[in-house]
Amino acid sequence: MTGHENNLSHLRIGLDIGGTNIEALAVDPSFNVVGKFSRATHADTPEHLVASAVDAIQQVLAEAQVTPRHLNSIGIGVPGLVETETGIVRLAANLNLTAYPLGAVITQTFGVPTFLENDVRLAAIGVYRWLQEREITANMAYLSIGTGVSAGVVLNGRLHRGSHGMAGEIGHITVEPNGALCNCGARGCLETIIAGPAIVKQARGQVSFAVADHEVHAGHVYQAARQGNPAAQKIIKRVGDYMARAVQYLIMTYDVDKVIVGGGVTAAGAAFLTPLFTGLAKLRQQSDLFDTMLSENKLCLLPQDYNAGTWGAVYLPDELHQH
Ligand SMILES: [Zn+2]
């Protein structure tokens, strides 16, 4: 069928624009996947960023063998402060965007309604849909631990955005007033302890690795801990305790039934989960309230192969039209 249009229509495209890669997904009206594409993000100028996003959309259209007139909507996740109503990216430092009308630009390019949302809020929509296929849950939080730390919260089946779409930005809760300097300018944010780069930073000079310095990621620290390196074990234990607190904050603030954890750092799998469960168990021992609220079965790992961002992006129009 190459070179021919097929008869698909009313398709949706979901785009997850990260600092490194853009992931694109196309689905039919029954949410069957009809196209997928991934490419590098060029974010040195807004023009290059738009060109990368447009290319990702064109490539996924080509894979589905359709043209823009077969599309119903485009949903886009952006790492930053996003105005969903206007389609303006207020601030996305990793993408070099400030007050940029990304929604309008993409709408004009393809002639298709385009919706924007913060990437982690959007991923929470995707995670919620994933969870609903396994168990019916009205209240859920998605905790993303990767280059940064952030959460997205679904309450009574709806994404909880807050006044500025920033509800769930727990990476910037102060946990150590005199702690390490955070990217946001403050000291001792949760992110300075449990984010991937923070885990690596704590291991520098303490743990020696078989790979070059710039190639070390959090997974290597977990691996060293598993292999019995005492310094790595100490770091991972501390990180696990603070991750448990992140879960505690989400459960105590929103009374969610589930906290689904995802993001690059969770790729360590069991090595990641064990210290987190240990941290939760320590909290449970402290009080009957914690013992009741912080049960182990509230915590769940998102499978690495589920792309919550792009799935959230294809479901985004439904979320916005529920008002
Ligand atoms: Zn911060």
# chains A, B, ... in the order shown; residues from 1 in each chain; ligands from 1
>>> residues_near_ligand(ligand="ligand 1", cutoff="10 Å", atoms="only C-alpha atoms and all ligand atoms", output="ChimeraX atom specification")
/A:148-149,169-174,180-192
>>> write_last_selection(atoms="C-alpha atoms", output="PDB file, in the first residue's frame")
ATOM      1  CA  GLY A 148      13.508  15.762  36.949  1.00  0.00           C
ATOM      2  CA  VAL A 149      10.920  14.771  39.532  1.00  0.00           C
ATOM      3  CA  GLU A 169       5.250  19.621  40.941  1.00  0.00           C
ATOM      4  CA  ILE A 170       6.559  17.919  44.056  1.00  0.00           C
ATOM      5  CA  GLY A 171      10.142  17.847  42.770  1.00  0.00           C
ATOM      6  CA  HIS A 172      10.413  21.383  44.119  1.00  0.00           C
ATOM      7  CA  ILE A 173       9.218  20.751  47.639  1.00  0.00           C
ATOM      8  CA  THR A 174      12.029  21.693  50.035  1.00  0.00           C
ATOM      9  CA  ALA A 180      22.183  20.977  47.321  1.00  0.00           C
ATOM     10  CA  LEU A 181      21.380  23.761  44.854  1.00  0.00           C
ATOM     11  CA  CYS A 182      18.439  22.937  42.578  1.00  0.00           C
ATOM     12  CA  ASN A 183      17.976  23.902  38.896  1.00  0.00           C
ATOM     13  CA  CYS A 184      15.106  26.118  40.073  1.00  0.00           C
ATOM     14  CA  GLY A 185      17.516  28.227  42.152  1.00  0.00           C
ATOM     15  CA  ALA A 186      16.418  26.989  45.581  1.00  0.00           C
ATOM     16  CA  ARG A 187      18.275  24.653  47.928  1.00  0.00           C
ATOM     17  CA  GLY A 188      17.354  21.151  49.003  1.00  0.00           C
ATOM     18  CA  CYS A 189      14.419  20.475  46.677  1.00  0.00           C
ATOM     19  CA  LEU A 190      13.334  16.820  46.553  1.00  0.00           C
ATOM     20  CA  GLU A 191      14.696  16.754  42.988  1.00  0.00           C
ATOM     21  CA  THR A 192      18.244  17.430  44.274  1.00  0.00           C
TER      22      THR A 192
END
>>> residues_around(residues="A:Gln304", least_positions_apart="4", cutoff="10 Å", atoms="only C-alpha atoms", output="count of residues only")
7
>>> residues_around(residues="stretch 45-52 of chain A", least_positions_apart="3", cutoff="12 Å", atoms="only C-alpha atoms", output="ChimeraX atom specification")
/A:15-24,37-42,55-59,76,78,89,92-109
>>> atom_distance(atom1="atom CA of A:Ala203", atom2="atom CA of A:Leu301")
24.4 Å
>>> closest_residue(among="A:Asn178, A:Thr253, A:Ser208, A:Thr310", to="A:Ala123", atoms="only C-alpha atoms")
A:Thr310
>>> select_by_dssp(residues="stretch 104-316 of chain A", states="strand (DSSP E or B)", output="PyMOL selection string")
chain A and resi 114-118+140-145+149-155+158-160+174+181+187+189+258-262+299-301
>>> residues_around(residues="A:Ala281", least_positions_apart="2", cutoff="12 Å", atoms="only C-alpha atoms", output="CSV table (one decimal) with all heavy atoms, in the first residue's frame")
chain,number,residue,atom,x,y,z
A,240,GLY,N,16.1,6.0,48.5
A,240,GLY,CA,14.8,5.3,48.7
A,240,GLY,C,14.0,5.9,49.8
A,240,GLY,O,12.7,6.0,49.6
A,241,ASP,N,14.6,6.4,50.8
A,241,ASP,CA,13.9,7.0,51.9
A,241,ASP,C,13.2,8.3,51.4
A,241,ASP,O,12.0,8.5,51.8
A,241,ASP,CB,14.8,7.4,53.1
A,241,ASP,CG,15.3,6.1,53.9
A,241,ASP,OD1,14.7,5.1,53.7
A,241,ASP,OD2,16.2,6.3,54.7
A,244,ALA,N,10.3,7.4,49.2
A,244,ALA,CA,9.1,7.0,50.0
A,244,ALA,C,8.4,8.2,50.5
A,244,ALA,O,7.1,8.2,50.6
A,244,ALA,CB,9.6,6.1,51.2
A,245,ARG,N,9.1,9.3,50.8
A,245,ARG,CA,8.5,10.5,51.3
A,245,ARG,C,7.7,11.1,50.1
A,245,ARG,O,6.6,11.7,50.4
A,245,ARG,CB,9.5,11.5,51.8
A,245,ARG,CG,10.1,11.1,53.1
A,245,ARG,CD,10.8,12.2,53.7
A,245,ARG,NE,11.8,11.8,54.7
A,245,ARG,CZ,12.6,12.5,55.3
A,245,ARG,NH1,12.7,13.8,55.1
A,245,ARG,NH2,13.5,12.1,56.2
A,247,VAL,N,6.1,9.6,47.8
A,247,VAL,CA,4.9,8.8,47.8
A,247,VAL,C,4.0,9.2,48.9
A,247,VAL,O,2.8,9.4,48.7
A,247,VAL,CB,5.2,7.3,47.8
A,247,VAL,CG1,4.0,6.4,47.9
A,247,VAL,CG2,6.0,6.9,46.6
A,248,GLN,N,4.6,9.4,50.1
A,248,GLN,CA,3.8,9.8,51.3
A,248,GLN,C,3.1,11.1,51.0
A,248,GLN,O,1.9,11.3,51.3
A,248,GLN,CB,4.8,9.9,52.5
A,248,GLN,CG,4.1,10.4,53.7
A,248,GLN,CD,5.1,10.9,54.8
A,248,GLN,OE1,6.3,11.2,54.4
A,248,GLN,NE2,4.7,11.0,56.0
A,274,THR,N,13.1,-1.9,45.6
A,274,THR,CA,13.4,-2.5,47.0
A,274,THR,C,13.7,-1.4,48.0
A,274,THR,O,13.0,-1.3,49.0
A,274,THR,CB,14.5,-3.5,46.9
A,274,THR,OG1,14.1,-4.5,45.9
A,274,THR,CG2,14.8,-4.2,48.2
A,275,PRO,N,14.6,-0.4,47.7
A,275,PRO,CA,14.8,0.6,48.7
A,275,PRO,C,13.6,1.6,48.9
A,275,PRO,O,13.5,2.1,50.0
A,275,PRO,CB,16.0,1.4,48.1
A,275,PRO,CG,16.3,0.9,46.8
A,275,PRO,CD,15.5,-0.3,46.6
A,276,LEU,N,12.8,1.7,47.9
A,276,LEU,CA,11.6,2.5,48.0
A,276,LEU,C,10.6,1.8,49.0
A,276,LEU,O,10.0,2.5,49.9
A,276,LEU,CB,11.0,2.8,46.7
A,276,LEU,CG,9.6,3.4,46.5
A,276,LEU,CD1,9.5,4.7,47.4
A,276,LEU,CD2,9.3,3.8,45.1
A,277,PHE,N,10.4,0.5,48.8
A,277,PHE,CA,9.6,-0.2,49.7
A,277,PHE,C,10.1,-0.2,51.1
A,277,PHE,O,9.3,-0.1,52.1
A,277,PHE,CB,9.4,-1.7,49.2
A,277,PHE,CG,8.4,-1.9,48.1
A,277,PHE,CD1,8.6,-2.7,47.0
A,277,PHE,CD2,7.1,-1.2,48.2
A,277,PHE,CE1,7.7,-2.8,46.0
A,277,PHE,CE2,6.2,-1.4,47.2
A,277,PHE,CZ,6.5,-2.2,46.1
A,278,THR,N,11.4,-0.3,51.2
A,278,THR,CA,12.0,-0.3,52.6
A,278,THR,C,11.8,1.1,53.2
A,278,THR,O,11.4,1.1,54.4
A,278,THR,CB,13.6,-0.5,52.5
A,278,THR,OG1,13.8,-1.7,51.8
A,278,THR,CG2,14.2,-0.5,53.8
A,279,GLY,N,11.9,2.2,52.5
A,279,GLY,CA,11.6,3.5,53.0
A,279,GLY,C,10.1,3.6,53.4
A,279,GLY,O,9.8,4.2,54.5
A,283,LEU,N,8.4,4.2,57.3
A,283,LEU,CA,7.4,5.2,57.6
A,283,LEU,C,6.2,4.6,58.3
A,283,LEU,O,5.6,5.1,59.2
A,283,LEU,CB,6.9,5.9,56.3
A,283,LEU,CG,7.9,6.9,55.7
A,283,LEU,CD1,7.4,7.4,54.3
A,283,LEU,CD2,8.1,8.1,56.6
A,284,ARG,N,5.8,3.4,57.8
A,284,ARG,CA,4.6,2.7,58.3
A,284,ARG,C,4.8,2.3,59.8
A,284,ARG,O,3.9,2.4,60.6
A,284,ARG,CB,4.4,1.4,57.6
A,284,ARG,CG,3.6,1.6,56.3
A,284,ARG,CD,2.9,0.3,55.8
A,284,ARG,NE,3.9,-0.8,55.6
A,284,ARG,CZ,4.6,-0.9,54.4
A,284,ARG,NH1,4.3,-0.1,53.4
A,284,ARG,NH2,5.4,-1.9,54.3
A,285,GLN,N,6.1,2.1,60.2
A,285,GLN,CA,6.4,1.7,61.6
A,285,GLN,C,6.3,2.9,62.5
A,285,GLN,O,6.2,2.8,63.7
A,285,GLN,CB,7.8,1.2,61.7
A,285,GLN,CG,7.9,-0.3,61.2
A,285,GLN,CD,9.4,-0.7,60.9
A,285,GLN,OE1,10.3,0.0,61.2
A,285,GLN,NE2,9.5,-1.9,60.4
A,286,GLN,N,6.3,4.1,61.9
A,286,GLN,CA,6.3,5.3,62.7
A,286,GLN,C,4.9,5.6,63.3
A,286,GLN,O,4.8,6.2,64.4
A,286,GLN,CB,6.7,6.5,61.9
A,286,GLN,CG,8.2,6.5,61.7
A,286,GLN,CD,8.7,7.7,60.9
A,286,GLN,OE1,8.0,8.7,60.9
A,286,GLN,NE2,9.8,7.6,60.2
A,287,SER,N,3.8,5.3,62.6
A,287,SER,CA,2.5,5.6,63.2
A,287,SER,C,1.4,4.7,62.6
A,287,SER,O,1.6,4.2,61.5
A,287,SER,CB,2.2,7.1,62.9
A,287,SER,OG,1.7,7.3,61.6
A,288,ASP,N,0.3,4.6,63.3
A,288,ASP,CA,-0.8,3.8,62.9
A,288,ASP,C,-1.4,4.4,61.6
A,288,ASP,O,-1.9,3.7,60.7
A,288,ASP,CB,-1.9,3.7,64.0
A,288,ASP,CG,-1.4,2.8,65.1
A,288,ASP,OD1,-0.5,2.0,64.9
A,288,ASP,OD2,-2.0,2.9,66.2
A,290,PHE,N,0.2,6.2,59.3
A,290,PHE,CA,1.0,5.8,58.1
A,290,PHE,C,0.8,4.3,57.8
A,290,PHE,O,0.8,3.9,56.6
A,290,PHE,CB,2.5,6.1,58.4
A,290,PHE,CG,2.9,7.5,58.5
A,290,PHE,CD1,4.1,7.9,58.9
A,290,PHE,CD2,1.9,8.5,58.2
A,290,PHE,CE1,4.5,9.3,59.0
A,290,PHE,CE2,2.2,9.9,58.3
A,290,PHE,CZ,3.5,10.2,58.8
A,291,ASP,N,0.7,3.5,58.8
A,291,ASP,CA,0.5,2.1,58.6
A,291,ASP,C,-0.7,1.8,57.8
A,291,ASP,O,-0.7,0.9,56.9
A,291,ASP,CB,0.5,1.4,60.0
A,291,ASP,CG,0.6,-0.1,59.8
A,291,ASP,OD1,1.4,-0.6,58.9
A,291,ASP,OD2,-0.2,-0.9,60.5
A,292,THR,N,-1.8,2.6,58.0
A,292,THR,CA,-3.0,2.4,57.3
A,292,THR,C,-2.9,3.0,55.9
A,292,THR,O,-3.4,2.4,54.9
A,292,THR,CB,-4.2,3.2,58.1
A,292,THR,OG1,-4.1,2.8,59.4
A,292,THR,CG2,-5.5,2.9,57.4
A,293,MET,N,-2.3,4.2,55.8
A,293,MET,CA,-2.3,4.9,54.5
A,293,MET,C,-1.3,4.5,53.5
A,293,MET,O,-1.5,4.6,52.3
A,293,MET,CB,-2.2,6.4,54.8
A,293,MET,CG,-3.3,7.1,55.6
A,293,MET,SD,-4.9,7.1,54.7
A,293,MET,CE,-4.5,8.3,53.4
A,294,LEU,N,-0.1,4.1,54.0
A,294,LEU,CA,1.0,3.9,53.1
A,294,LEU,C,1.3,2.4,52.8
A,294,LEU,O,2.4,1.9,52.8
A,294,LEU,CB,2.3,4.5,53.7
A,294,LEU,CG,2.2,6.0,54.1
A,294,LEU,CD1,3.5,6.5,54.7
A,294,LEU,CD2,1.8,6.8,52.9
A,295,SER,N,0.2,1.7,52.5
A,295,SER,CA,0.4,0.2,52.3
A,295,SER,C,1.1,0.0,50.9
A,295,SER,O,1.0,0.8,50.0
A,295,SER,CB,-1.0,-0.5,52.3
A,295,SER,OG,-1.7,0.0,51.2
A,296,GLU,N,1.9,-1.1,50.9
A,296,GLU,CA,2.7,-1.4,49.8
A,296,GLU,C,1.9,-1.6,48.5
A,296,GLU,O,2.4,-1.2,47.4
A,296,GLU,CB,3.5,-2.7,50.1
A,296,GLU,CG,4.8,-2.9,49.4
A,296,GLU,CD,5.6,-4.0,50.0
A,296,GLU,OE1,5.4,-5.1,49.5
A,296,GLU,OE2,6.4,-3.8,50.9
A,297,ASN,N,0.7,-2.1,48.6
A,297,ASN,CA,0.0,-2.3,47.3
A,297,ASN,C,-0.6,-1.1,46.7
A,297,ASN,O,-1.2,-1.1,45.6
A,297,ASN,CB,-1.1,-3.4,47.6
A,297,ASN,CG,-2.2,-2.9,48.6
A,297,ASN,OD1,-2.3,-1.7,48.9
A,297,ASN,ND2,-3.0,-3.8,49.1
>>> select_by_dssp(residues="stretch 95-295 of chain A", states="helix (DSSP H, G or I)", output="VMD selection string")
chain A and resid 95 102 to 110 119 to 132 170 to 172 191 to 194 196 to 203 213 to 215 218 to 226 230 to 254 264 to 268 270 to 286 288 to 293
>>> atom_distance(atom1="atom CA of A:Asp257", atom2="atom CA of A:Leu289")
15.2 Å
>>> closest_residue(among="A:Leu159, A:Val261, A:Ile88, A:Leu71", to="A:His10", atoms="only C-alpha atoms")
A:Leu71
